[in-house]
Amino acid sequence: MTRTADGRGQLLAISDLHVSYADNRALVDKMHPETDDDWLLVAGDVAETVADIHWCLKTLAGRFRKVVWAPGNHELWTHPKDPVTLRGVARYEHLVELCRELGVLTPEDPYPVWDSPGGRVAVAPLFLLYDYSFLPADCADKDEGLAYAHGTGVLCNDENLLHPDPYPSREAWCRARVEATERRLAELPDDLPTVLVNHYPLDRHPTEVLWYPEFAMWCGTRLTADWHRRFRVAAMVYGHLHIPRTTYHEGVRFEEVSVGYPREWHKRQGPPGRLRRIL
């Protein structure tokens with residue numbers, strides 16, 4: 001683990017910046033820390049093309065003391081507009097190298113420790129994906145769930161753009177990521193609290209307010225449903241749902257920190273693109 005010892009800044013978070021939209025890009029242009037010691041957690045869906053991802057993370061890394069990134073599904077798309085045609089694991093590894101060149105921490109790096117007046121906390125960016133276990137009611141398995149989603153017209157673009165190569169399926173990739181991450185988290189000291197940063201919520205409860213409940217299939221995995229208890233979580237930071245809010249589950253704070261698309265955030269009260277204070 002790496003460590004910061006200043007104890008003066010804030011641990012801030014944002015996700016779903018979607019900077020391919022001009023309005024969202026303008027929000028990032030205006031995004032600055034409040035102190036020289038602020039860290040920024042970016043919980044995925046920066047953009048769909050490598051060029052846009054690079055611009056956004058480079059911009060933020062030049063302003064914040066430390067930027068910590070966890071990938072969303074959009075970064076992993078092999079999008080027809082992106083000249084970088086890498087798929088699956090190769091694309092993810094390419095983005096990890098890009099982040100390292102920029103000094104941005106990723107799920108493949110040692111977990112940094114945040115020191116504050118309240119104590120030390122390990123900040124763990126995660127890359128876990130989903131496994132279709134958040135099924136619609138009355139659906140017994142993935143096939144039934146996808147058939148139901150096709151019938152409603154609510155189908156995630158991942159089905160066409162997020163390739164799991166060399167894994168045989170996205171759920172197989174998810175299982176491998178969960179197993180590897182679980183081992184790493186279990187190695188942390190028993191007295192060290194954590195902030196877990198993942199694009200998807202670690203428990204299904206945040207998806208209960210979705211306008212289209214069937215979309216929950218692309219929102220996480222039941223395999224992590226007890227992680228907020230097992231790994232001493234001070235806060236679970238996520239995005240993806242485009243419903244920014246704070247909830248508590250079994251006494252643990254879940255923070256949804258997404259910006260979302262302009263058509264969504266233009267309807268909200270308050271300034272758009274506001275960074276959420278985590279610690």
# chains A, B, ... in the order shown; residues from 1 in each chain; ligands from 1
call {"tool": "select_by_dssp", "arguments": {"residues": "stretch 73-180 of chain A", "states": "strand (DSSP E)", "output": "list in words"}}
result
Val113, Trp114, Asp115, Ser116, Gly119, Arg120, Val121, Ala122, Val123, Ala124 and Pro125 of chain A
call {"tool": "residues_around", "arguments": {"residues": "stretch 111-126 of chain A", "least_positions_apart": "4", "cutoff": "9 Å", "atoms": "only C-alpha atoms", "output": "PyMOL selection string"}}
result
chain A and resi 1-11+41-43+68-71+105-107+177+181+185+188+192-199+234+279
call {"tool": "select_by_dssp", "arguments": {"residues": "stretch 200-274 of chain A", "states": "alpha helix (DSSP H)", "output": "PyMOL selection string"}}
result
chain A and resi 227-230+262-265
call {"tool": "residues_around", "arguments": {"residues": "A:Arg229", "least_positions_apart": "3", "cutoff": "9 Å", "atoms": "only C-alpha atoms", "output": "list in words"}}
result
Ala225, Asp226, Arg232, Val233, Glu250 and Val252 of chain A
call {"tool": "write_last_selection", "arguments": {"atoms": "N, CA, C and O atoms", "output": "PDB file, in the first residue's frame"}}
result
ATOM      1  N   ALA A 225     -22.313  -9.070  -2.121  1.00  0.00           N
ATOM      2  CA  ALA A 225     -23.391  -8.544  -1.278  1.00  0.00           C
ATOM      3  C   ALA A 225     -23.003  -8.371   0.187  1.00  0.00           C
ATOM      4  O   ALA A 225     -23.630  -7.585   0.905  1.00  0.00           O
ATOM      5  N   ASP A 226     -21.964  -9.074   0.654  1.00  0.00           N
ATOM      6  CA  ASP A 226     -21.559  -8.927   2.061  1.00  0.00           C
ATOM      7  C   ASP A 226     -20.233  -8.187   2.225  1.00  0.00           C
ATOM      8  O   ASP A 226     -19.720  -8.080   3.333  1.00  0.00           O
ATOM      9  N   ARG A 232     -14.924  -3.894   6.417  1.00  0.00           N
ATOM     10  CA  ARG A 232     -14.885  -2.710   7.283  1.00  0.00           C
ATOM     11  C   ARG A 232     -15.083  -1.422   6.487  1.00  0.00           C
ATOM     12  O   ARG A 232     -14.294  -0.475   6.578  1.00  0.00           O
ATOM     13  N   VAL A 233     -16.143  -1.367   5.696  1.00  0.00           N
ATOM     14  CA  VAL A 233     -16.331  -0.279   4.743  1.00  0.00           C
ATOM     15  C   VAL A 233     -16.855   0.974   5.434  1.00  0.00           C
ATOM     16  O   VAL A 233     -17.918   0.960   6.057  1.00  0.00           O
ATOM     17  N   GLU A 250     -27.430  -1.644   6.175  1.00  0.00           N
ATOM     18  CA  GLU A 250     -26.834  -2.322   7.325  1.00  0.00           C
ATOM     19  C   GLU A 250     -25.785  -1.433   8.001  1.00  0.00           C
ATOM     20  O   GLU A 250     -24.726  -1.885   8.410  1.00  0.00           O
ATOM     21  N   VAL A 252     -23.985   0.926   6.692  1.00  0.00           N
ATOM     22  CA  VAL A 252     -22.870   1.356   5.850  1.00  0.00           C
ATOM     23  C   VAL A 252     -23.373   2.351   4.813  1.00  0.00           C
ATOM     24  O   VAL A 252     -24.418   2.156   4.197  1.00  0.00           O
TER      25      VAL A 252
END
call {"tool": "residues_around", "arguments": {"residues": "A:Pro201", "least_positions_apart": "6", "cutoff": "12 Å", "atoms": "only C-alpha atoms", "output": "tab-separated table (two decimals) with all heavy atoms, in the first residue's frame"}}
result
chain	number	residue	atom	x	y	z
A	43	ALA	N	-15.30	7.00	-10.38
A	43	ALA	CA	-15.89	5.67	-10.37
A	43	ALA	C	-16.46	5.26	-11.74
A	43	ALA	O	-17.58	4.76	-11.85
A	43	ALA	CB	-16.98	5.58	-9.30
A	44	GLY	N	-15.68	5.49	-12.78
A	44	GLY	CA	-16.02	4.92	-14.09
A	44	GLY	C	-16.90	5.74	-14.99
A	44	GLY	O	-17.47	6.76	-14.60
A	72	GLY	N	-15.59	1.95	-15.72
A	72	GLY	CA	-17.00	1.65	-15.94
A	72	GLY	C	-17.16	0.81	-17.19
A	72	GLY	O	-16.19	0.44	-17.85
A	126	LEU	N	-11.96	-0.70	-7.48
A	126	LEU	CA	-12.28	-2.07	-7.85
A	126	LEU	C	-12.71	-2.16	-9.31
A	126	LEU	O	-13.28	-1.23	-9.86
A	126	LEU	CB	-13.43	-2.61	-6.98
A	126	LEU	CG	-13.32	-2.40	-5.46
A	126	LEU	CD1	-14.56	-2.96	-4.78
A	126	LEU	CD2	-12.05	-3.02	-4.91
A	127	PHE	N	-12.46	-3.30	-9.91
A	127	PHE	CA	-12.98	-3.61	-11.24
A	127	PHE	C	-13.59	-5.00	-11.16
A	127	PHE	O	-12.89	-6.00	-11.10
A	127	PHE	CB	-11.87	-3.55	-12.29
A	127	PHE	CG	-12.28	-4.10	-13.63
A	127	PHE	CD1	-13.55	-3.89	-14.14
A	127	PHE	CD2	-11.39	-4.84	-14.39
A	127	PHE	CE1	-13.94	-4.40	-15.37
A	127	PHE	CE2	-11.75	-5.35	-15.62
A	127	PHE	CZ	-13.03	-5.13	-16.11
A	128	LEU	N	-14.94	-5.06	-11.11
A	128	LEU	CA	-15.62	-6.32	-10.83
A	128	LEU	C	-16.61	-6.76	-11.91
A	128	LEU	O	-16.94	-7.93	-11.98
A	128	LEU	CB	-16.37	-6.21	-9.49
A	128	LEU	CG	-15.51	-5.85	-8.28
A	128	LEU	CD1	-16.39	-5.65	-7.05
A	128	LEU	CD2	-14.47	-6.91	-8.02
A	129	LEU	N	-17.15	-5.85	-12.70
A	129	LEU	CA	-18.16	-6.17	-13.70
A	129	LEU	C	-19.47	-6.66	-13.07
A	129	LEU	O	-19.79	-6.30	-11.94
A	129	LEU	CB	-17.62	-7.18	-14.72
A	129	LEU	CG	-16.73	-6.59	-15.82
A	129	LEU	CD1	-16.02	-7.69	-16.58
A	129	LEU	CD2	-17.53	-5.73	-16.77
A	130	TYR	N	-20.20	-7.50	-13.79
A	130	TYR	CA	-21.51	-8.00	-13.35
A	130	TYR	C	-21.70	-9.39	-13.92
A	130	TYR	O	-20.99	-9.83	-14.85
A	130	TYR	CB	-22.64	-7.06	-13.83
A	130	TYR	CG	-22.58	-6.78	-15.32
A	130	TYR	CD1	-23.13	-7.67	-16.24
A	130	TYR	CD2	-21.95	-5.65	-15.81
A	130	TYR	CE1	-23.04	-7.43	-17.60
A	130	TYR	CE2	-21.86	-5.39	-17.16
A	130	TYR	CZ	-22.41	-6.29	-18.06
A	130	TYR	OH	-22.31	-6.06	-19.41
A	134	PHE	N	-28.58	-10.07	-10.77
A	134	PHE	CA	-29.66	-9.18	-10.35
A	134	PHE	C	-30.81	-9.33	-11.35
A	134	PHE	O	-31.11	-8.44	-12.14
A	134	PHE	CB	-29.20	-7.72	-10.32
A	134	PHE	CG	-28.16	-7.39	-9.29
A	134	PHE	CD1	-27.53	-6.15	-9.29
A	134	PHE	CD2	-27.78	-8.29	-8.31
A	134	PHE	CE1	-26.58	-5.81	-8.34
A	134	PHE	CE2	-26.81	-7.98	-7.36
A	134	PHE	CZ	-26.20	-6.73	-7.38
A	207	THR	N	-30.48	-0.41	-6.78
A	207	THR	CA	-31.20	-0.57	-8.05
A	207	THR	C	-32.72	-0.61	-7.88
A	207	THR	O	-33.45	-0.62	-8.87
A	207	THR	CB	-30.75	-1.85	-8.78
A	207	THR	OG1	-31.25	-3.01	-8.07
A	207	THR	CG2	-29.24	-1.93	-8.89
A	208	GLU	N	-33.18	-0.61	-6.64
A	208	GLU	CA	-34.62	-0.73	-6.40
A	208	GLU	C	-35.40	0.48	-6.89
A	208	GLU	O	-36.63	0.42	-7.02
A	208	GLU	CB	-34.88	-0.97	-4.91
A	208	GLU	CG	-34.34	-2.32	-4.42
A	208	GLU	CD	-34.36	-2.45	-2.91
A	208	GLU	OE1	-34.71	-1.44	-2.23
A	208	GLU	OE2	-33.99	-3.52	-2.41
A	216	ALA	N	-31.21	-3.72	-13.92
A	216	ALA	CA	-30.38	-4.16	-12.79
A	216	ALA	C	-29.46	-5.31	-13.18
A	216	ALA	O	-28.40	-5.50	-12.56
A	216	ALA	CB	-31.25	-4.55	-11.60
A	218	TRP	N	-27.41	-5.53	-15.42
A	218	TRP	CA	-26.11	-5.00	-15.83
A	218	TRP	C	-25.52	-4.08	-14.75
A	218	TRP	O	-24.74	-3.20	-15.07
A	218	TRP	CB	-26.27	-4.23	-17.14
A	218	TRP	CG	-26.66	-5.12	-18.29
A	218	TRP	CD1	-25.84	-5.89	-19.06
A	218	TRP	CD2	-27.98	-5.33	-18.79
A	218	TRP	NE1	-26.57	-6.56	-20.02
A	218	TRP	CE2	-27.89	-6.24	-19.88
A	218	TRP	CE3	-29.25	-4.84	-18.44
A	218	TRP	CZ2	-29.00	-6.65	-20.60
A	218	TRP	CZ3	-30.36	-5.26	-19.16
A	218	TRP	CH2	-30.24	-6.16	-20.22
A	219	CYS	N	-25.90	-4.32	-13.49
A	219	CYS	CA	-25.54	-3.38	-12.41
A	219	CYS	C	-24.78	-4.00	-11.25
A	219	CYS	O	-24.70	-3.38	-10.18
A	219	CYS	CB	-26.80	-2.68	-11.89
A	219	CYS	SG	-27.61	-1.62	-13.10
A	220	GLY	N	-24.23	-5.18	-11.40
A	220	GLY	CA	-23.45	-5.74	-10.31
A	220	GLY	C	-23.61	-7.24	-10.17
A	220	GLY	O	-24.09	-7.92	-11.08
A	221	THR	N	-23.23	-7.75	-9.01
A	221	THR	CA	-23.25	-9.18	-8.76
A	221	THR	C	-23.58	-9.46	-7.30
A	221	THR	O	-23.16	-8.73	-6.40
A	221	THR	CB	-21.89	-9.83	-9.10
A	221	THR	OG1	-21.87	-11.18	-8.62
A	221	THR	CG2	-20.73	-9.07	-8.47
A	222	ARG	N	-24.30	-10.54	-7.08
A	222	ARG	CA	-24.60	-10.95	-5.71
A	222	ARG	C	-23.35	-11.42	-4.96
A	222	ARG	O	-23.37	-11.53	-3.73
A	222	ARG	CB	-25.63	-12.08	-5.73
A	222	ARG	CG	-27.03	-11.65	-6.17
A	222	ARG	CD	-27.98	-12.83	-6.14
A	222	ARG	NE	-29.34	-12.43	-6.50
A	222	ARG	CZ	-30.36	-13.28	-6.59
A	222	ARG	NH1	-30.17	-14.56	-6.34
A	222	ARG	NH2	-31.55	-12.84	-6.92
A	223	LEU	N	-22.29	-11.72	-5.68
A	223	LEU	CA	-21.07	-12.23	-5.05
A	223	LEU	C	-20.45	-11.22	-4.09
A	223	LEU	O	-19.64	-11.59	-3.24
A	223	LEU	CB	-20.05	-12.62	-6.13
A	223	LEU	CG	-20.45	-13.77	-7.05
A	223	LEU	CD1	-19.42	-13.94	-8.16
A	223	LEU	CD2	-20.59	-15.07	-6.26
A	224	THR	N	-20.81	-9.94	-4.21
A	224	THR	CA	-20.21	-8.91	-3.35
A	224	THR	C	-21.19	-8.39	-2.30
A	224	THR	O	-20.93	-7.38	-1.65
A	224	THR	CB	-19.73	-7.73	-4.21
A	224	THR	OG1	-20.84	-7.16	-4.92
A	224	THR	CG2	-18.67	-8.17	-5.20
A	225	ALA	N	-22.31	-9.07	-2.12
A	225	ALA	CA	-23.39	-8.54	-1.28
A	225	ALA	C	-23.00	-8.37	0.19
A	225	ALA	O	-23.63	-7.58	0.91
A	225	ALA	CB	-24.62	-9.45	-1.37
A	226	ASP	N	-21.96	-9.07	0.65
A	226	ASP	CA	-21.56	-8.93	2.06
A	226	ASP	C	-20.23	-8.19	2.22
A	226	ASP	O	-19.72	-8.08	3.33
A	226	ASP	CB	-21.47	-10.30	2.74
A	226	ASP	CG	-20.39	-11.19	2.15
A	226	ASP	OD1	-19.86	-10.85	1.06
A	226	ASP	OD2	-20.07	-12.24	2.75
A	227	TRP	N	-19.70	-7.64	1.16
A	227	TRP	CA	-18.38	-7.01	1.25
A	227	TRP	C	-18.39	-5.78	2.13
A	227	TRP	O	-17.38	-5.46	2.78
A	227	TRP	CB	-17.86	-6.66	-0.15
A	227	TRP	CG	-17.35	-7.84	-0.91
A	227	TRP	CD1	-17.63	-9.16	-0.68
A	227	TRP	CD2	-16.45	-7.81	-2.03
A	227	TRP	NE1	-16.97	-9.96	-1.59
A	227	TRP	CE2	-16.25	-9.16	-2.43
A	227	TRP	CE3	-15.83	-6.80	-2.74
A	227	TRP	CZ2	-15.42	-9.49	-3.51
A	227	TRP	CZ3	-15.02	-7.12	-3.81
A	227	TRP	CH2	-14.80	-8.46	-4.19
A	228	HIS	N	-19.49	-5.05	2.17
A	228	HIS	CA	-19.53	-3.85	3.01
A	228	HIS	C	-19.40	-4.21	4.49
A	228	HIS	O	-18.96	-3.39	5.30
A	228	HIS	CB	-20.82	-3.06	2.77
A	228	HIS	CG	-22.07	-3.82	3.05
A	228	HIS	ND1	-22.55	-4.81	2.24
A	228	HIS	CD2	-22.94	-3.73	4.08
A	228	HIS	CE1	-23.66	-5.31	2.74
A	228	HIS	NE2	-23.92	-4.66	3.87
A	235	ALA	N	-17.25	3.77	3.52
A	235	ALA	CA	-18.14	4.28	2.47
A	235	ALA	C	-17.94	3.44	1.22
A	235	ALA	O	-16.80	3.08	0.88
A	235	ALA	CB	-17.87	5.75	2.18
A	236	MET	N	-19.05	3.12	0.54
A	236	MET	CA	-19.02	2.42	-0.72
A	236	MET	C	-19.40	3.43	-1.81
A	236	MET	O	-20.51	3.95	-1.82
A	236	MET	CB	-20.02	1.26	-0.68
A	236	MET	CG	-19.86	0.19	-1.77
A	236	MET	SD	-20.60	0.57	-3.37
A	236	MET	CE	-19.13	0.44	-4.40
A	237	VAL	N	-18.45	3.74	-2.70
A	237	VAL	CA	-18.64	4.75	-3.73
A	237	VAL	C	-18.90	4.06	-5.07
A	237	VAL	O	-18.13	3.18	-5.47
A	237	VAL	CB	-17.40	5.66	-3.84
A	237	VAL	CG1	-17.58	6.69	-4.95
A	237	VAL	CG2	-17.11	6.34	-2.51
A	238	TYR	N	-19.96	4.47	-5.75
A	238	TYR	CA	-20.31	3.84	-7.04
A	238	TYR	C	-20.99	4.86	-7.93
A	238	TYR	O	-21.25	6.01	-7.54
A	238	TYR	CB	-21.21	2.63	-6.82
A	238	TYR	CG	-22.61	2.96	-6.32
A	238	TYR	CD1	-23.68	3.03	-7.20
A	238	TYR	CD2	-22.84	3.24	-4.98
A	238	TYR	CE1	-24.97	3.35	-6.74
A	238	TYR	CE2	-24.10	3.56	-4.52
A	238	TYR	CZ	-25.16	3.61	-5.40
A	238	TYR	OH	-26.42	3.94	-4.95
A	239	GLY	N	-21.28	4.46	-9.16
A	239	GLY	CA	-21.99	5.29	-10.13
A	239	GLY	C	-22.96	4.44	-10.93
A	239	GLY	O	-23.74	3.69	-10.37
A	240	HIS	N	-22.90	4.59	-12.27
A	240	HIS	CA	-23.61	3.74	-13.21
A	240	HIS	C	-25.11	3.96	-13.30
A	240	HIS	O	-25.69	3.94	-14.37
A	240	HIS	CB	-23.32	2.25	-12.91
A	240	HIS	CG	-23.81	1.31	-13.95
A	240	HIS	ND1	-23.44	1.40	-15.28
A	240	HIS	CD2	-24.65	0.23	-13.89
A	240	HIS	CE1	-24.02	0.42	-15.97
A	240	HIS	NE2	-24.75	-0.29	-15.16
A	241	LEU	N	-25.78	4.17	-12.17
A	241	LEU	CA	-27.24	4.26	-12.17
A	241	LEU	C	-27.74	5.64	-12.57
A	241	LEU	O	-28.93	5.79	-12.89
A	241	LEU	CB	-27.80	3.90	-10.78
A	241	LEU	CG	-27.38	2.55	-10.19
A	241	LEU	CD1	-28.12	2.30	-8.89
A	241	LEU	CD2	-27.59	1.41	-11.17
A	242	HIS	N	-26.88	6.63	-12.53
A	242	HIS	CA	-27.26	8.02	-12.84
A	242	HIS	C	-28.36	8.52	-11.91
A	242	HIS	O	-29.23	9.29	-12.31
A	242	HIS	CB	-27.69	8.16	-14.31
A	242	HIS	CG	-26.61	7.91	-15.30
A	242	HIS	ND1	-26.71	8.26	-16.63
A	242	HIS	CD2	-25.38	7.34	-15.16
A	242	HIS	CE1	-25.60	7.91	-17.27
A	242	HIS	NE2	-24.78	7.34	-16.39
A	243	ILE	N	-28.30	8.06	-10.66
A	243	ILE	CA	-29.24	8.51	-9.63
A	243	ILE	C	-28.41	8.92	-8.42
A	243	ILE	O	-28.29	8.17	-7.44
A	243	ILE	CB	-30.25	7.41	-9.25
A	243	ILE	CG1	-30.93	6.84	-10.50
A	243	ILE	CG2	-31.31	7.95	-8.29
A	243	ILE	CD1	-31.80	5.62	-10.22
A	246	THR	N	-27.39	9.40	-1.43
A	246	THR	CA	-26.76	8.69	-0.33
A	246	THR	C	-27.77	7.73	0.28
A	246	THR	O	-28.91	8.13	0.58
A	246	THR	CB	-26.28	9.67	0.75
A	246	THR	OG1	-25.38	10.60	0.18
A	246	THR	CG2	-25.59	8.93	1.89
A	247	THR	N	-27.40	6.47	0.45
A	247	THR	CA	-28.24	5.51	1.14
A	247	THR	C	-27.40	4.81	2.21
A	247	THR	O	-26.17	4.86	2.18
A	247	THR	CB	-28.83	4.45	0.19
A	247	THR	OG1	-27.75	3.76	-0.49
A	247	THR	CG2	-29.73	5.09	-0.86
A	249	HIS	N	-27.06	1.02	4.14
A	249	HIS	CA	-27.46	-0.38	4.12
A	249	HIS	C	-26.70	-1.11	5.21
A	249	HIS	O	-25.47	-1.13	5.23
A	249	HIS	CB	-27.13	-0.99	2.76
A	249	HIS	CG	-27.51	-2.44	2.62
A	249	HIS	ND1	-28.81	-2.88	2.76
A	249	HIS	CD2	-26.75	-3.54	2.36
A	249	HIS	CE1	-28.85	-4.18	2.59
A	249	HIS	NE2	-27.62	-4.60	2.35
A	253	ARG	N	-22.60	3.41	4.61
A	253	ARG	CA	-22.98	4.47	3.67
A	253	ARG	C	-22.62	4.08	2.24
A	253	ARG	O	-21.48	3.73	1.95
A	253	ARG	CB	-22.27	5.77	4.07
A	253	ARG	CG	-22.53	6.95	3.15
A	253	ARG	CD	-22.11	8.27	3.82
A	253	ARG	NE	-20.77	8.23	4.33
A	253	ARG	CZ	-19.73	8.88	3.77
A	253	ARG	NH1	-19.91	9.62	2.69
A	253	ARG	NH2	-18.54	8.81	4.31
A	254	PHE	N	-23.61	4.17	1.36
A	254	PHE	CA	-23.42	3.95	-0.08
A	254	PHE	C	-23.61	5.30	-0.77
A	254	PHE	O	-24.66	5.94	-0.61
A	254	PHE	CB	-24.43	2.94	-0.62
A	254	PHE	CG	-24.09	1.51	-0.35
A	254	PHE	CD1	-24.03	1.01	0.94
A	254	PHE	CD2	-23.83	0.63	-1.40
A	254	PHE	CE1	-23.72	-0.33	1.20
A	254	PHE	CE2	-23.51	-0.71	-1.17
A	254	PHE	CZ	-23.46	-1.19	0.13
A	255	GLU	N	-22.61	5.73	-1.55
A	255	GLU	CA	-22.65	7.03	-2.21
A	255	GLU	C	-22.67	6.84	-3.73
A	255	GLU	O	-21.70	6.35	-4.30
A	255	GLU	CB	-21.44	7.88	-1.82
A	255	GLU	CG	-21.40	8.32	-0.38
A	255	GLU	CD	-22.30	9.52	-0.11
A	255	GLU	OE1	-22.96	10.00	-1.05
A	255	GLU	OE2	-22.31	9.99	1.04
A	256	GLU	N	-23.77	7.22	-4.36
A	256	GLU	CA	-23.86	7.22	-5.83
A	256	GLU	C	-23.45	8.61	-6.29
A	256	GLU	O	-24.10	9.61	-5.94
A	256	GLU	CB	-25.28	6.89	-6.27
A	256	GLU	CG	-25.35	6.11	-7.59
A	256	GLU	CD	-25.27	6.95	-8.85
A	256	GLU	OE1	-24.78	8.09	-8.79
A	256	GLU	OE2	-25.72	6.47	-9.90
A	257	VAL	N	-22.37	8.71	-7.09
A	257	VAL	CA	-21.73	10.01	-7.34
A	257	VAL	C	-21.74	10.40	-8.82
A	257	VAL	O	-20.91	11.20	-9.26
A	257	VAL	CB	-20.28	10.00	-6.80
A	257	VAL	CG1	-20.28	9.80	-5.28
A	257	VAL	CG2	-19.44	8.92	-7.48
A	258	SER	N	-22.68	9.86	-9.59
A	258	SER	CA	-22.63	10.07	-11.04
A	258	SER	C	-23.11	11.45	-11.46
A	258	SER	O	-23.95	12.07	-10.81
A	258	SER	CB	-23.48	9.01	-11.75
A	258	SER	OG	-24.83	9.11	-11.37
call {"tool": "residues_around", "arguments": {"residues": "A:Asp52", "least_positions_apart": "2", "cutoff": "12 Å", "atoms": "only C-alpha atoms", "output": "ChimeraX atom specification"}}
result
/A:17-22,24-25,28,45-50,54-59,74-75,81-84,95,98
call {"tool": "write_last_selection", "arguments": {"atoms": "N, CA and C atoms", "output": "JSON list (two decimals), in the first residue's frame"}}
result
[["chain", "number", "residue", "atom", "x", "y", "z"],
["A", 17, "LEU", "N", -18.87, 10.74, -16.01],
["A", 17, "LEU", "CA", -18.61, 12.07, -16.56],
["A", 17, "LEU", "C", -19.01, 12.17, -18.03],
["A", 18, "HIS", "N", -18.94, 11.08, -18.77],
["A", 18, "HIS", "CA", -19.41, 11.02, -20.17],
["A", 18, "HIS", "C", -19.00, 12.26, -20.96],
["A", 19, "VAL", "N", -17.69, 12.47, -21.06],
["A", 19, "VAL", "CA", -17.19, 13.71, -21.64],
["A", 19, "VAL", "C", -17.30, 13.77, -23.16],
["A", 20, "SER", "N", -17.86, 12.75, -23.80],
["A", 20, "SER", "CA", -18.14, 12.89, -25.24],
["A", 20, "SER", "C", -19.24, 13.91, -25.48],
["A", 21, "TYR", "N", -20.01, 14.23, -24.43],
["A", 21, "TYR", "CA", -21.02, 15.28, -24.51],
["A", 21, "TYR", "C", -20.36, 16.62, -24.18],
["A", 22, "ALA", "N", -20.57, 17.62, -25.04],
["A", 22, "ALA", "CA", -19.93, 18.92, -24.86],
["A", 22, "ALA", "C", -20.26, 19.54, -23.50],
["A", 24, "ASN", "N", -20.94, 18.03, -20.72],
["A", 24, "ASN", "CA", -20.21, 17.32, -19.67],
["A", 24, "ASN", "C", -18.73, 17.66, -19.70],
["A", 25, "ARG", "N", -18.20, 17.79, -20.89],
["A", 25, "ARG", "CA", -16.79, 18.18, -21.03],
["A", 25, "ARG", "C", -16.56, 19.55, -20.38],
["A", 28, "VAL", "N", -16.12, 19.26, -16.67],
["A", 28, "VAL", "CA", -14.77, 18.84, -16.27],
["A", 28, "VAL", "C", -13.80, 20.01, -16.38],
["A", 45, "ASP", "N", -16.99, 5.27, -16.22],
["A", 45, "ASP", "CA", -17.75, 5.91, -17.32],
["A", 45, "ASP", "C", -17.27, 7.34, -17.58],
["A", 46, "VAL", "N", -15.96, 7.45, -17.74],
["A", 46, "VAL", "CA", -15.36, 8.73, -18.15],
["A", 46, "VAL", "C", -15.76, 9.04, -19.58],
["A", 47, "ALA", "N", -15.62, 8.04, -20.47],
["A", 47, "ALA", "CA", -15.91, 8.23, -21.89],
["A", 47, "ALA", "C", -15.82, 6.88, -22.59],
["A", 48, "GLU", "N", -16.09, 6.89, -23.91],
["A", 48, "GLU", "CA", -16.07, 5.67, -24.70],
["A", 48, "GLU", "C", -14.80, 5.50, -25.52],
["A", 49, "THR", "N", -14.10, 6.60, -25.83],
["A", 49, "THR", "CA", -12.90, 6.50, -26.65],
["A", 49, "THR", "C", -11.67, 6.76, -25.79],
["A", 50, "VAL", "N", -10.57, 6.13, -26.19],
["A", 50, "VAL", "CA", -9.33, 6.28, -25.44],
["A", 50, "VAL", "C", -8.87, 7.73, -25.42],
["A", 54, "HIS", "N", -8.25, 9.77, -22.02],
["A", 54, "HIS", "CA", -6.94, 10.37, -21.76],
["A", 54, "HIS", "C", -7.08, 11.85, -21.45],
["A", 55, "TRP", "N", -7.86, 12.58, -22.24],
["A", 55, "TRP", "CA", -8.03, 14.02, -21.99],
["A", 55, "TRP", "C", -8.59, 14.28, -20.60],
["A", 56, "CYS", "N", -9.63, 13.54, -20.23],
["A", 56, "CYS", "CA", -10.30, 13.78, -18.96],
["A", 56, "CYS", "C", -9.39, 13.46, -17.78],
["A", 57, "LEU", "N", -8.79, 12.28, -17.78],
["A", 57, "LEU", "CA", -7.95, 11.89, -16.65],
["A", 57, "LEU", "C", -6.69, 12.74, -16.56],
["A", 58, "LYS", "N", -6.14, 13.14, -17.70],
["A", 58, "LYS", "CA", -4.98, 14.03, -17.68],
["A", 58, "LYS", "C", -5.36, 15.39, -17.09],
["A", 59, "THR", "N", -6.53, 15.90, -17.47],
["A", 59, "THR", "CA", -7.00, 17.18, -16.95],
["A", 59, "THR", "C", -7.15, 17.12, -15.42],
["A", 74, "HIS", "N", -18.50, 1.83, -20.01],
["A", 74, "HIS", "CA", -18.27, 2.60, -21.24],
["A", 74, "HIS", "C", -16.79, 2.63, -21.62],
["A", 75, "GLU", "N", -15.88, 2.71, -20.65],
["A", 75, "GLU", "CA", -14.46, 2.67, -20.99],
["A", 75, "GLU", "C", -14.07, 1.35, -21.66],
["A", 81, "LYS", "N", -16.53, 4.31, -33.08],
["A", 81, "LYS", "CA", -15.92, 5.62, -33.30],
["A", 81, "LYS", "C", -14.50, 5.71, -32.73],
["A", 82, "ASP", "N", -14.05, 4.66, -32.04],
["A", 82, "ASP", "CA", -12.73, 4.70, -31.42],
["A", 82, "ASP", "C", -11.71, 4.00, -32.32],
["A", 83, "PRO", "N", -10.66, 4.70, -32.73],
["A", 83, "PRO", "CA", -9.63, 4.03, -33.54],
["A", 83, "PRO", "C", -8.88, 2.94, -32.79],
["A", 84, "VAL", "N", -8.94, 2.97, -31.45],
["A", 84, "VAL", "CA", -8.34, 1.88, -30.65],
["A", 84, "VAL", "C", -9.34, 0.73, -30.61],
["A", 95, "LEU", "N", -5.82, 0.69, -20.87],
["A", 95, "LEU", "CA", -6.26, 1.84, -20.07],
["A", 95, "LEU", "C", -5.47, 1.93, -18.76],
["A", 98, "LEU", "N", -2.27, 3.57, -19.62],
["A", 98, "LEU", "CA", -2.52, 5.00, -19.85],
["A", 98, "LEU", "C", -2.59, 5.73, -18.51]]
call {"tool": "closest_residue", "arguments": {"among": "A:Ala51, A:Leu162, A:Val104, A:Ala140", "to": "A:Tyr92", "atoms": "only C-alpha atoms"}}
result
A:Leu162
call {"tool": "atom_distance", "arguments": {"atom1": "atom CA of A:Val67", "atom2": "atom CA of A:Leu40"}}
result
4.8 Å
call {"tool": "atom_distance", "arguments": {"atom1": "atom CA of A:Trp77", "atom2": "atom CA of A:Phe215"}}
result
17.5 Å
call {"tool": "closest_residue", "arguments": {"among": "A:Leu210, A:Leu27, A:Leu135, A:Ala176", "to": "A:Tyr261", "atoms": "only C-alpha atoms"}}
result
A:Leu27
call {"tool": "atom_distance", "arguments": {"atom1": "atom CA of A:Gly270", "atom2": "atom CA of A:Ala61"}}
result
25.5 Å
